[in-house]
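What follows is the content of coords_14.cif (mmCIF, C-alpha atoms).
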data_query
loop_
_atom_site.group_PDB
_atom_site.id
_atom_site.type_symbol
_atom_site.label_atom_id
_atom_site.label_comp_id
_atom_site.auth_asym_id
_atom_site.auth_seq_id
_atom_site.Cartn_x
_atom_site.Cartn_y
_atom_site.Cartn_z
ATOM 1 C CA MET T 17 24.730 -99.668 51.929
ATOM 2 C CA ILE T 18 26.125 -98.635 55.295
ATOM 3 C CA GLN T 19 23.782 -96.663 57.515
ATOM 4 C CA PHE T 20 24.842 -94.183 60.167
ATOM 5 C CA LYS T 21 23.138 -92.051 62.769
ATOM 6 C CA PRO T 22 24.148 -88.779 64.427
ATOM 7 C CA VAL T 23 25.390 -89.171 68.020
ATOM 8 C CA GLN T 24 26.336 -86.263 70.264
ATOM 9 C CA ARG T 25 29.788 -86.576 71.860
ATOM 10 C CA ASN T 26 32.670 -84.594 73.254
ATOM 11 C CA ASN T 27 35.456 -83.778 70.825
ATOM 12 C CA PRO T 28 38.023 -86.538 71.513
ATOM 13 C CA ARG T 29 40.890 -84.148 70.713
ATOM 14 C CA ASP T 30 39.592 -81.292 72.869
ATOM 15 C CA LYS T 31 37.618 -82.337 75.955
ATOM 16 C CA ASP T 32 36.733 -78.692 76.760
ATOM 17 C CA ALA T 33 35.191 -77.972 73.342
ATOM 18 C CA PRO T 34 31.400 -77.952 73.040
ATOM 19 C CA MET T 35 29.764 -81.252 72.167
ATOM 20 C CA LYS T 36 29.180 -82.004 68.491
ATOM 21 C CA TYR T 37 27.345 -84.625 66.488
ATOM 22 C CA TYR T 38 29.451 -87.383 64.992
ATOM 23 C CA PRO T 39 28.472 -90.218 62.640
ATOM 24 C CA GLN T 40 28.019 -93.599 64.287
ATOM 25 C CA LEU T 41 27.542 -96.819 62.360
ATOM 26 C CA LYS T 42 24.050 -98.266 62.599
ATOM 27 C CA LYS T 43 24.489 -101.998 62.873
ATOM 28 C CA THR T 44 22.739 -103.790 60.026
ATOM 29 C CA GLY T 45 22.781 -107.183 61.701
ATOM 30 C CA GLU T 46 24.883 -110.278 62.004
ATOM 31 C CA ILE T 47 25.571 -113.106 59.621
ATOM 32 C CA ASP T 48 26.470 -116.549 60.907
ATOM 33 C CA PHE T 49 28.747 -119.303 59.679
ATOM 34 C CA LYS T 50 25.867 -121.516 58.535
ATOM 35 C CA THR T 51 24.314 -118.803 56.372
ATOM 36 C CA ILE T 52 27.640 -117.989 54.739
ATOM 37 C CA ALA T 53 28.230 -121.689 54.060
ATOM 38 C CA GLU T 54 24.771 -121.994 52.479
ATOM 39 C CA GLU T 55 25.318 -118.947 50.268
ATOM 40 C CA LEU T 56 28.747 -120.194 49.192
ATOM 41 C CA SER T 57 27.362 -123.641 48.417
ATOM 42 C CA ASN T 58 24.840 -122.059 46.039
ATOM 43 C CA SER T 59 27.717 -120.822 43.883
ATOM 44 C CA SER T 60 29.867 -123.969 44.012
ATOM 45 C CA THR T 61 29.670 -127.732 43.599
ATOM 46 C CA LEU T 62 29.839 -128.286 47.372
ATOM 47 C CA ASN T 63 26.686 -128.708 49.423
ATOM 48 C CA SER T 64 26.242 -126.559 52.536
ATOM 49 C CA VAL T 65 27.467 -129.293 54.913
ATOM 50 C CA ASP T 66 30.677 -129.753 52.914
ATOM 51 C CA MET T 67 31.120 -125.986 52.683
ATOM 52 C CA ARG T 68 30.772 -125.675 56.477
ATOM 53 C CA ALA T 69 33.431 -128.366 56.858
ATOM 54 C CA VAL T 70 35.759 -126.357 54.615
ATOM 55 C CA LEU T 71 35.078 -123.149 56.537
ATOM 56 C CA TYR T 72 35.594 -124.845 59.913
ATOM 57 C CA GLY T 73 38.865 -126.246 58.586
ATOM 58 C CA LEU T 74 39.891 -122.773 57.458
ATOM 59 C CA GLN T 75 38.979 -121.387 60.880
ATOM 60 C CA ASN T 76 41.022 -124.105 62.612
ATOM 61 C CA MET T 77 44.042 -123.429 60.381
ATOM 62 C CA LEU T 78 43.820 -119.692 61.096
ATOM 63 C CA ILE T 79 43.796 -120.397 64.840
ATOM 64 C CA LYS T 80 46.620 -122.956 64.585
ATOM 65 C CA TYR T 81 48.969 -120.635 62.716
ATOM 66 C CA LEU T 82 48.158 -117.514 64.752
ATOM 67 C CA LYS T 83 48.830 -119.449 67.966
ATOM 68 C CA ASN T 84 52.251 -120.331 66.555
ATOM 69 C CA GLY T 85 53.189 -116.742 65.688
ATOM 70 C CA TYR T 86 52.515 -116.779 61.950
ATOM 71 C CA THR T 87 51.030 -113.978 59.892
ATOM 72 C CA VAL T 88 48.183 -115.533 57.922
ATOM 73 C CA LYS T 89 47.666 -113.981 54.485
ATOM 74 C CA PHE T 90 44.116 -114.231 53.159
ATOM 75 C CA GLY T 91 44.631 -112.994 49.612
ATOM 76 C CA ASP T 92 42.371 -110.098 48.681
ATOM 77 C CA LEU T 93 40.933 -109.954 52.212
ATOM 78 C CA GLY T 94 44.124 -109.074 54.050
ATOM 79 C CA ASN T 95 46.380 -110.414 56.783
ATOM 80 C CA PHE T 96 45.828 -111.627 60.336
ATOM 81 C CA ARG T 97 48.788 -111.444 62.716
ATOM 82 C CA PRO T 98 49.365 -111.926 66.422
ATOM 83 C CA SER T 99 50.532 -108.977 68.498
ATOM 84 C CA LEU T 100 51.695 -108.518 72.087
ATOM 85 C CA GLY T 101 51.349 -105.784 74.677
ATOM 86 C CA GLY T 102 53.091 -105.548 77.997
ATOM 87 C CA SER T 103 55.396 -103.809 80.391
ATOM 88 C CA GLY T 104 59.076 -103.078 79.890
ATOM 89 C CA GLU T 105 62.277 -103.873 81.736
ATOM 90 C CA ASP T 106 65.665 -102.184 81.843
ATOM 91 C CA THR T 107 67.578 -105.161 80.424
ATOM 92 C CA PRO T 108 66.680 -108.036 78.088
ATOM 93 C CA GLU T 109 67.605 -110.563 80.805
ATOM 94 C CA LEU T 110 64.896 -109.246 83.132
ATOM 95 C CA LEU T 111 62.151 -109.491 80.517
ATOM 96 C CA THR T 112 60.014 -112.627 80.873
ATOM 97 C CA ALA T 113 56.702 -113.943 79.582
ATOM 98 C CA ASN T 114 55.133 -112.517 82.778
ATOM 99 C CA HIS T 115 55.648 -109.048 81.300
ATOM 100 C CA VAL T 116 53.210 -109.828 78.471
ATOM 101 C CA SER T 117 49.822 -108.467 79.576
ATOM 102 C CA LYS T 118 47.827 -109.177 76.421
ATOM 103 C CA VAL T 119 47.971 -111.153 73.221
ATOM 104 C CA LYS T 120 45.693 -109.944 70.468
ATOM 105 C CA ILE T 121 45.031 -110.388 66.772
ATOM 106 C CA ILE T 122 45.504 -107.564 64.302
ATOM 107 C CA PHE T 123 43.728 -107.641 60.959
ATOM 108 C CA SER T 124 45.219 -105.535 58.175
ATOM 109 C CA PRO T 125 42.900 -105.252 55.178
ATOM 110 C CA SER T 126 44.441 -105.640 51.734
ATOM 111 C CA PRO T 127 44.706 -102.607 49.438
ATOM 112 C CA ASN T 128 41.916 -104.159 47.363
ATOM 113 C CA LEU T 129 39.573 -104.416 50.355
ATOM 114 C CA LYS T 130 40.375 -100.827 51.352
ATOM 115 C CA GLU T 131 39.425 -99.690 47.846
ATOM 116 C CA VAL T 132 36.145 -101.591 48.049
ATOM 117 C CA MET T 133 35.273 -99.797 51.296
ATOM 118 C CA LYS T 134 35.865 -96.426 49.617
ATOM 119 C CA THR T 135 33.004 -97.199 47.234
ATOM 120 C CA VAL T 136 30.294 -97.986 49.808
ATOM 121 C CA THR T 137 27.070 -96.045 49.757
ATOM 122 C CA LEU T 138 26.278 -94.181 52.965
ATOM 123 C CA LYS T 139 22.810 -93.316 54.230
ATOM 124 C CA LYS T 140 21.904 -91.211 57.250
ATOM 125 C CA VAL T 141 19.090 -92.655 59.360
ATOM 126 C CA ASN T 142 17.192 -91.346 62.370
ATOM 127 C CA LYS T 143 17.871 -92.799 65.780
#

Could you quickly redo this structure as structure tokens?
Amino acid sequence: MIQFKPVQRNNPRDKDAPMKYYPQLKKTGEIDFKTIAEELSNSSTLNSVDMRAVLYGLQNMLIKYLKNGYTVKFGDLGNFRPSLGGSGEDTPELLTANHVSKVKIIFSPSPNLKEVMKTVTLKKVNK
């Protein structure tokens, strides 16, 4: 279940419009690597230490391939891909690595994961 709370804000499309209440996600909490490894180990033949080793390896592979420009496909989860932002130049010859102002990671959820999120239960909570 995903909880949300009403938060009063300006209309982002019309700054002069009167303020309205918009839904804002109420954070449920955080889950850490160790807990995930322990839960996964309960449904496999690996113990939690071995499962953590697998997950750390997976994390290292994700980092390795993203740093080398690959799109990393994670099956029914989706894809991770590197992306660049920067300033432009008039000719290709003038464009250098100095024009890149940020390198970021974009996650694109799979169609399956998008469908799953359409089925979540929502609950309004008080502030």

Just want the 12 Å neighbourhood of T:Gly91, counted on only C-alpha atoms, with same-chain residues fewer than 2 positions away dropped. Output as a PyMOL selection string. chain T and resi 88-89+93-96+124-129

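Residues selected in this file by the PyMOL selection byres ((chain T and resi 47-53) around 8) comprise Gly45, Glu46, Glu54, Glu55, Leu56, Ser57, Ser64, Val65, Met67, Arg68 and Leu71 of chain T.
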
In Å, with one decimal, what is the gap from atom CA of T:Tyr37 to atom CA of T:Lys130?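 Distance between the two atoms: 25.7 Å.
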
Can you list, as JSON, numbers by chain, every protein, DNA or RNA residue that comes within 8 Å of T:Pro39 when you count only C-alpha atoms, leaving out same-chain residues fewer than 3 positions away? {"T": [20, 21, 22, 23]}

Between T:Val141, T:Leu78, T:Ile121, T:Met35, single out the one closest to T:Leu100, counting all atoms listed in the file.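 Of T:Val141, T:Leu78, T:Ile121, T:Met35, the one nearest T:Leu100 is T:Ile121, counting all atoms listed in the file.
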
Just want the 9 Å neighbourhood of T:Thr44, counted on all atoms listed in the file, with same-chain residues fewer than 3 positions away dropped. Output as number ranges by chain. T: 18-19, 41

Residue nearest T:Gly85 - candidates T:Pro28, T:Lys134, T:Val119, T:Ser60, atoms counted: all atoms listed in the file: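 Nearest candidate to T:Gly85 out of T:Pro28, T:Lys134, T:Val119, T:Ser60: T:Val119.
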
So that I can check the surroundings of T:Pro34, please list as a ChimeraX atom specification every protein, DNA and RNA residue that reaches within 10 Å of it, counting only C-alpha atoms and ignoring chain neighbours fewer than 5 positions away. /T:25-27

Could you save the residues just selected, with C-alpha atoms, as a short mmCIF file (atom, residue, chain, number, x, y, z; two decimals), in the frame of the given file?
data_model
loop_
_atom_site.label_atom_id
_atom_site.label_comp_id
_atom_site.auth_asym_id
_atom_site.auth_seq_id
_atom_site.Cartn_x
_atom_site.Cartn_y
_atom_site.Cartn_z
CA ARG T 25 29.79 -86.58 71.86
CA ASN T 26 32.67 -84.59 73.25
CA ASN T 27 35.46 -83.78 70.82
#

Final N, CA, C and O atoms of stretch 101-124 of chain T as a PDB file, in the coordinates of the input:
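New file out29.pdb:
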ATOM      1  N   GLY T 101      51.244-107.016  73.906  1.00  0.00           N
ATOM      2  CA  GLY T 101      51.349-105.784  74.677  1.00  0.00           C
ATOM      3  C   GLY T 101      51.861-106.140  76.055  1.00  0.00           C
ATOM      4  O   GLY T 101      51.609-107.246  76.553  1.00  0.00           O
ATOM      5  N   GLY T 102      52.590-105.238  76.667  1.00  0.00           N
ATOM      6  CA  GLY T 102      53.091-105.548  77.997  1.00  0.00           C
ATOM      7  C   GLY T 102      53.933-104.442  78.577  1.00  0.00           C
ATOM      8  O   GLY T 102      54.037-103.356  78.022  1.00  0.00           O
ATOM      9  N   SER T 103      54.557-104.773  79.687  1.00  0.00           N
ATOM     10  CA  SER T 103      55.396-103.809  80.391  1.00  0.00           C
ATOM     11  C   SER T 103      56.862-104.040  80.039  1.00  0.00           C
ATOM     12  O   SER T 103      57.240-105.124  79.607  1.00  0.00           O
ATOM     13  N   GLY T 104      57.668-103.015  80.252  1.00  0.00           N
ATOM     14  CA  GLY T 104      59.076-103.078  79.890  1.00  0.00           C
ATOM     15  C   GLY T 104      59.993-103.325  81.066  1.00  0.00           C
ATOM     16  O   GLY T 104      59.594-103.220  82.221  1.00  0.00           O
ATOM     17  N   GLU T 105      61.212-103.678  80.751  1.00  0.00           N
ATOM     18  CA  GLU T 105      62.277-103.873  81.736  1.00  0.00           C
ATOM     19  C   GLU T 105      63.526-103.145  81.267  1.00  0.00           C
ATOM     20  O   GLU T 105      63.652-102.825  80.090  1.00  0.00           O
ATOM     21  N   ASP T 106      64.449-102.915  82.170  1.00  0.00           N
ATOM     22  CA  ASP T 106      65.665-102.184  81.843  1.00  0.00           C
ATOM     23  C   ASP T 106      66.654-102.992  81.011  1.00  0.00           C
ATOM     24  O   ASP T 106      67.441-102.435  80.249  1.00  0.00           O
ATOM     25  N   THR T 107      66.644-104.316  81.175  1.00  0.00           N
ATOM     26  CA  THR T 107      67.578-105.161  80.424  1.00  0.00           C
ATOM     27  C   THR T 107      66.821-106.330  79.811  1.00  0.00           C
ATOM     28  O   THR T 107      65.788-106.761  80.348  1.00  0.00           O
ATOM     29  N   PRO T 108      67.347-106.894  78.713  1.00  0.00           N
ATOM     30  CA  PRO T 108      66.680-108.036  78.088  1.00  0.00           C
ATOM     31  C   PRO T 108      66.591-109.252  79.012  1.00  0.00           C
ATOM     32  O   PRO T 108      65.632-110.014  78.947  1.00  0.00           O
ATOM     33  N   GLU T 109      67.583-109.410  79.898  1.00  0.00           N
ATOM     34  CA  GLU T 109      67.605-110.563  80.805  1.00  0.00           C
ATOM     35  C   GLU T 109      66.448-110.540  81.800  1.00  0.00           C
ATOM     36  O   GLU T 109      65.980-111.594  82.233  1.00  0.00           O
ATOM     37  N   LEU T 110      65.989-109.358  82.161  1.00  0.00           N
ATOM     38  CA  LEU T 110      64.896-109.246  83.132  1.00  0.00           C
ATOM     39  C   LEU T 110      63.513-109.453  82.514  1.00  0.00           C
ATOM     40  O   LEU T 110      62.544-109.701  83.215  1.00  0.00           O
ATOM     41  N   LEU T 111      63.444-109.361  81.199  1.00  0.00           N
ATOM     42  CA  LEU T 111      62.151-109.491  80.517  1.00  0.00           C
ATOM     43  C   LEU T 111      61.745-110.961  80.427  1.00  0.00           C
ATOM     44  O   LEU T 111      62.511-111.807  79.964  1.00  0.00           O
ATOM     45  N   THR T 112      60.537-111.257  80.900  1.00  0.00           N
ATOM     46  CA  THR T 112      60.014-112.627  80.873  1.00  0.00           C
ATOM     47  C   THR T 112      58.612-112.631  80.280  1.00  0.00           C
ATOM     48  O   THR T 112      58.021-111.569  80.030  1.00  0.00           O
ATOM     49  N   ALA T 113      58.067-113.807  80.087  1.00  0.00           N
ATOM     50  CA  ALA T 113      56.702-113.943  79.582  1.00  0.00           C
ATOM     51  C   ALA T 113      55.696-113.294  80.532  1.00  0.00           C
ATOM     52  O   ALA T 113      54.602-112.908  80.108  1.00  0.00           O
ATOM     53  N   ASN T 114      56.033-113.164  81.810  1.00  0.00           N
ATOM     54  CA  ASN T 114      55.133-112.517  82.778  1.00  0.00           C
ATOM     55  C   ASN T 114      54.919-111.042  82.466  1.00  0.00           C
ATOM     56  O   ASN T 114      53.985-110.435  82.967  1.00  0.00           O
ATOM     57  N   HIS T 115      55.791-110.452  81.663  1.00  0.00           N
ATOM     58  CA  HIS T 115      55.648-109.048  81.300  1.00  0.00           C
ATOM     59  C   HIS T 115      54.630-108.841  80.174  1.00  0.00           C
ATOM     60  O   HIS T 115      54.237-107.718  79.891  1.00  0.00           O
ATOM     61  N   VAL T 116      54.226-109.914  79.526  1.00  0.00           N
ATOM     62  CA  VAL T 116      53.210-109.828  78.471  1.00  0.00           C
ATOM     63  C   VAL T 116      51.841-109.751  79.143  1.00  0.00           C
ATOM     64  O   VAL T 116      51.434-110.664  79.858  1.00  0.00           O
ATOM     65  N   SER T 117      51.127-108.650  78.929  1.00  0.00           N
ATOM     66  CA  SER T 117      49.822-108.467  79.576  1.00  0.00           C
ATOM     67  C   SER T 117      48.661-108.813  78.658  1.00  0.00           C
ATOM     68  O   SER T 117      47.557-109.069  79.131  1.00  0.00           O
ATOM     69  N   LYS T 118      48.904-108.808  77.341  1.00  0.00           N
ATOM     70  CA  LYS T 118      47.827-109.177  76.421  1.00  0.00           C
ATOM     71  C   LYS T 118      48.403-109.700  75.117  1.00  0.00           C
ATOM     72  O   LYS T 118      49.469-109.278  74.670  1.00  0.00           O
ATOM     73  N   VAL T 119      47.675-110.638  74.551  1.00  0.00           N
ATOM     74  CA  VAL T 119      47.971-111.153  73.221  1.00  0.00           C
ATOM     75  C   VAL T 119      46.717-110.904  72.409  1.00  0.00           C
ATOM     76  O   VAL T 119      45.611-111.259  72.841  1.00  0.00           O
ATOM     77  N   LYS T 120      46.867-110.261  71.279  1.00  0.00           N
ATOM     78  CA  LYS T 120      45.693-109.944  70.468  1.00  0.00           C
ATOM     79  C   LYS T 120      45.962-110.256  69.010  1.00  0.00           C
ATOM     80  O   LYS T 120      47.088-110.595  68.633  1.00  0.00           O
ATOM     81  N   ILE T 121      44.929-110.150  68.206  1.00  0.00           N
ATOM     82  CA  ILE T 121      45.031-110.388  66.772  1.00  0.00           C
ATOM     83  C   ILE T 121      44.797-109.068  66.061  1.00  0.00           C
ATOM     84  O   ILE T 121      43.837-108.349  66.357  1.00  0.00           O
ATOM     85  N   ILE T 122      45.656-108.770  65.117  1.00  0.00           N
ATOM     86  CA  ILE T 122      45.504-107.564  64.302  1.00  0.00           C
ATOM     87  C   ILE T 122      45.150-108.002  62.884  1.00  0.00           C
ATOM     88  O   ILE T 122      45.804-108.881  62.321  1.00  0.00           O
ATOM     89  N   PHE T 123      44.110-107.404  62.351  1.00  0.00           N
ATOM     90  CA  PHE T 123      43.728-107.641  60.959  1.00  0.00           C
ATOM     91  C   PHE T 123      44.100-106.413  60.158  1.00  0.00           C
ATOM     92  O   PHE T 123      43.728-105.295  60.509  1.00  0.00           O
ATOM     93  N   SER T 124      44.853-106.617  59.085  1.00  0.00           N
ATOM     94  CA  SER T 124      45.219-105.535  58.175  1.00  0.00           C
ATOM     95  C   SER T 124      44.552-105.808  56.832  1.00  0.00           C
ATOM     96  O   SER T 124      44.917-106.770  56.147  1.00  0.00           O
TER      97      SER T 124
END
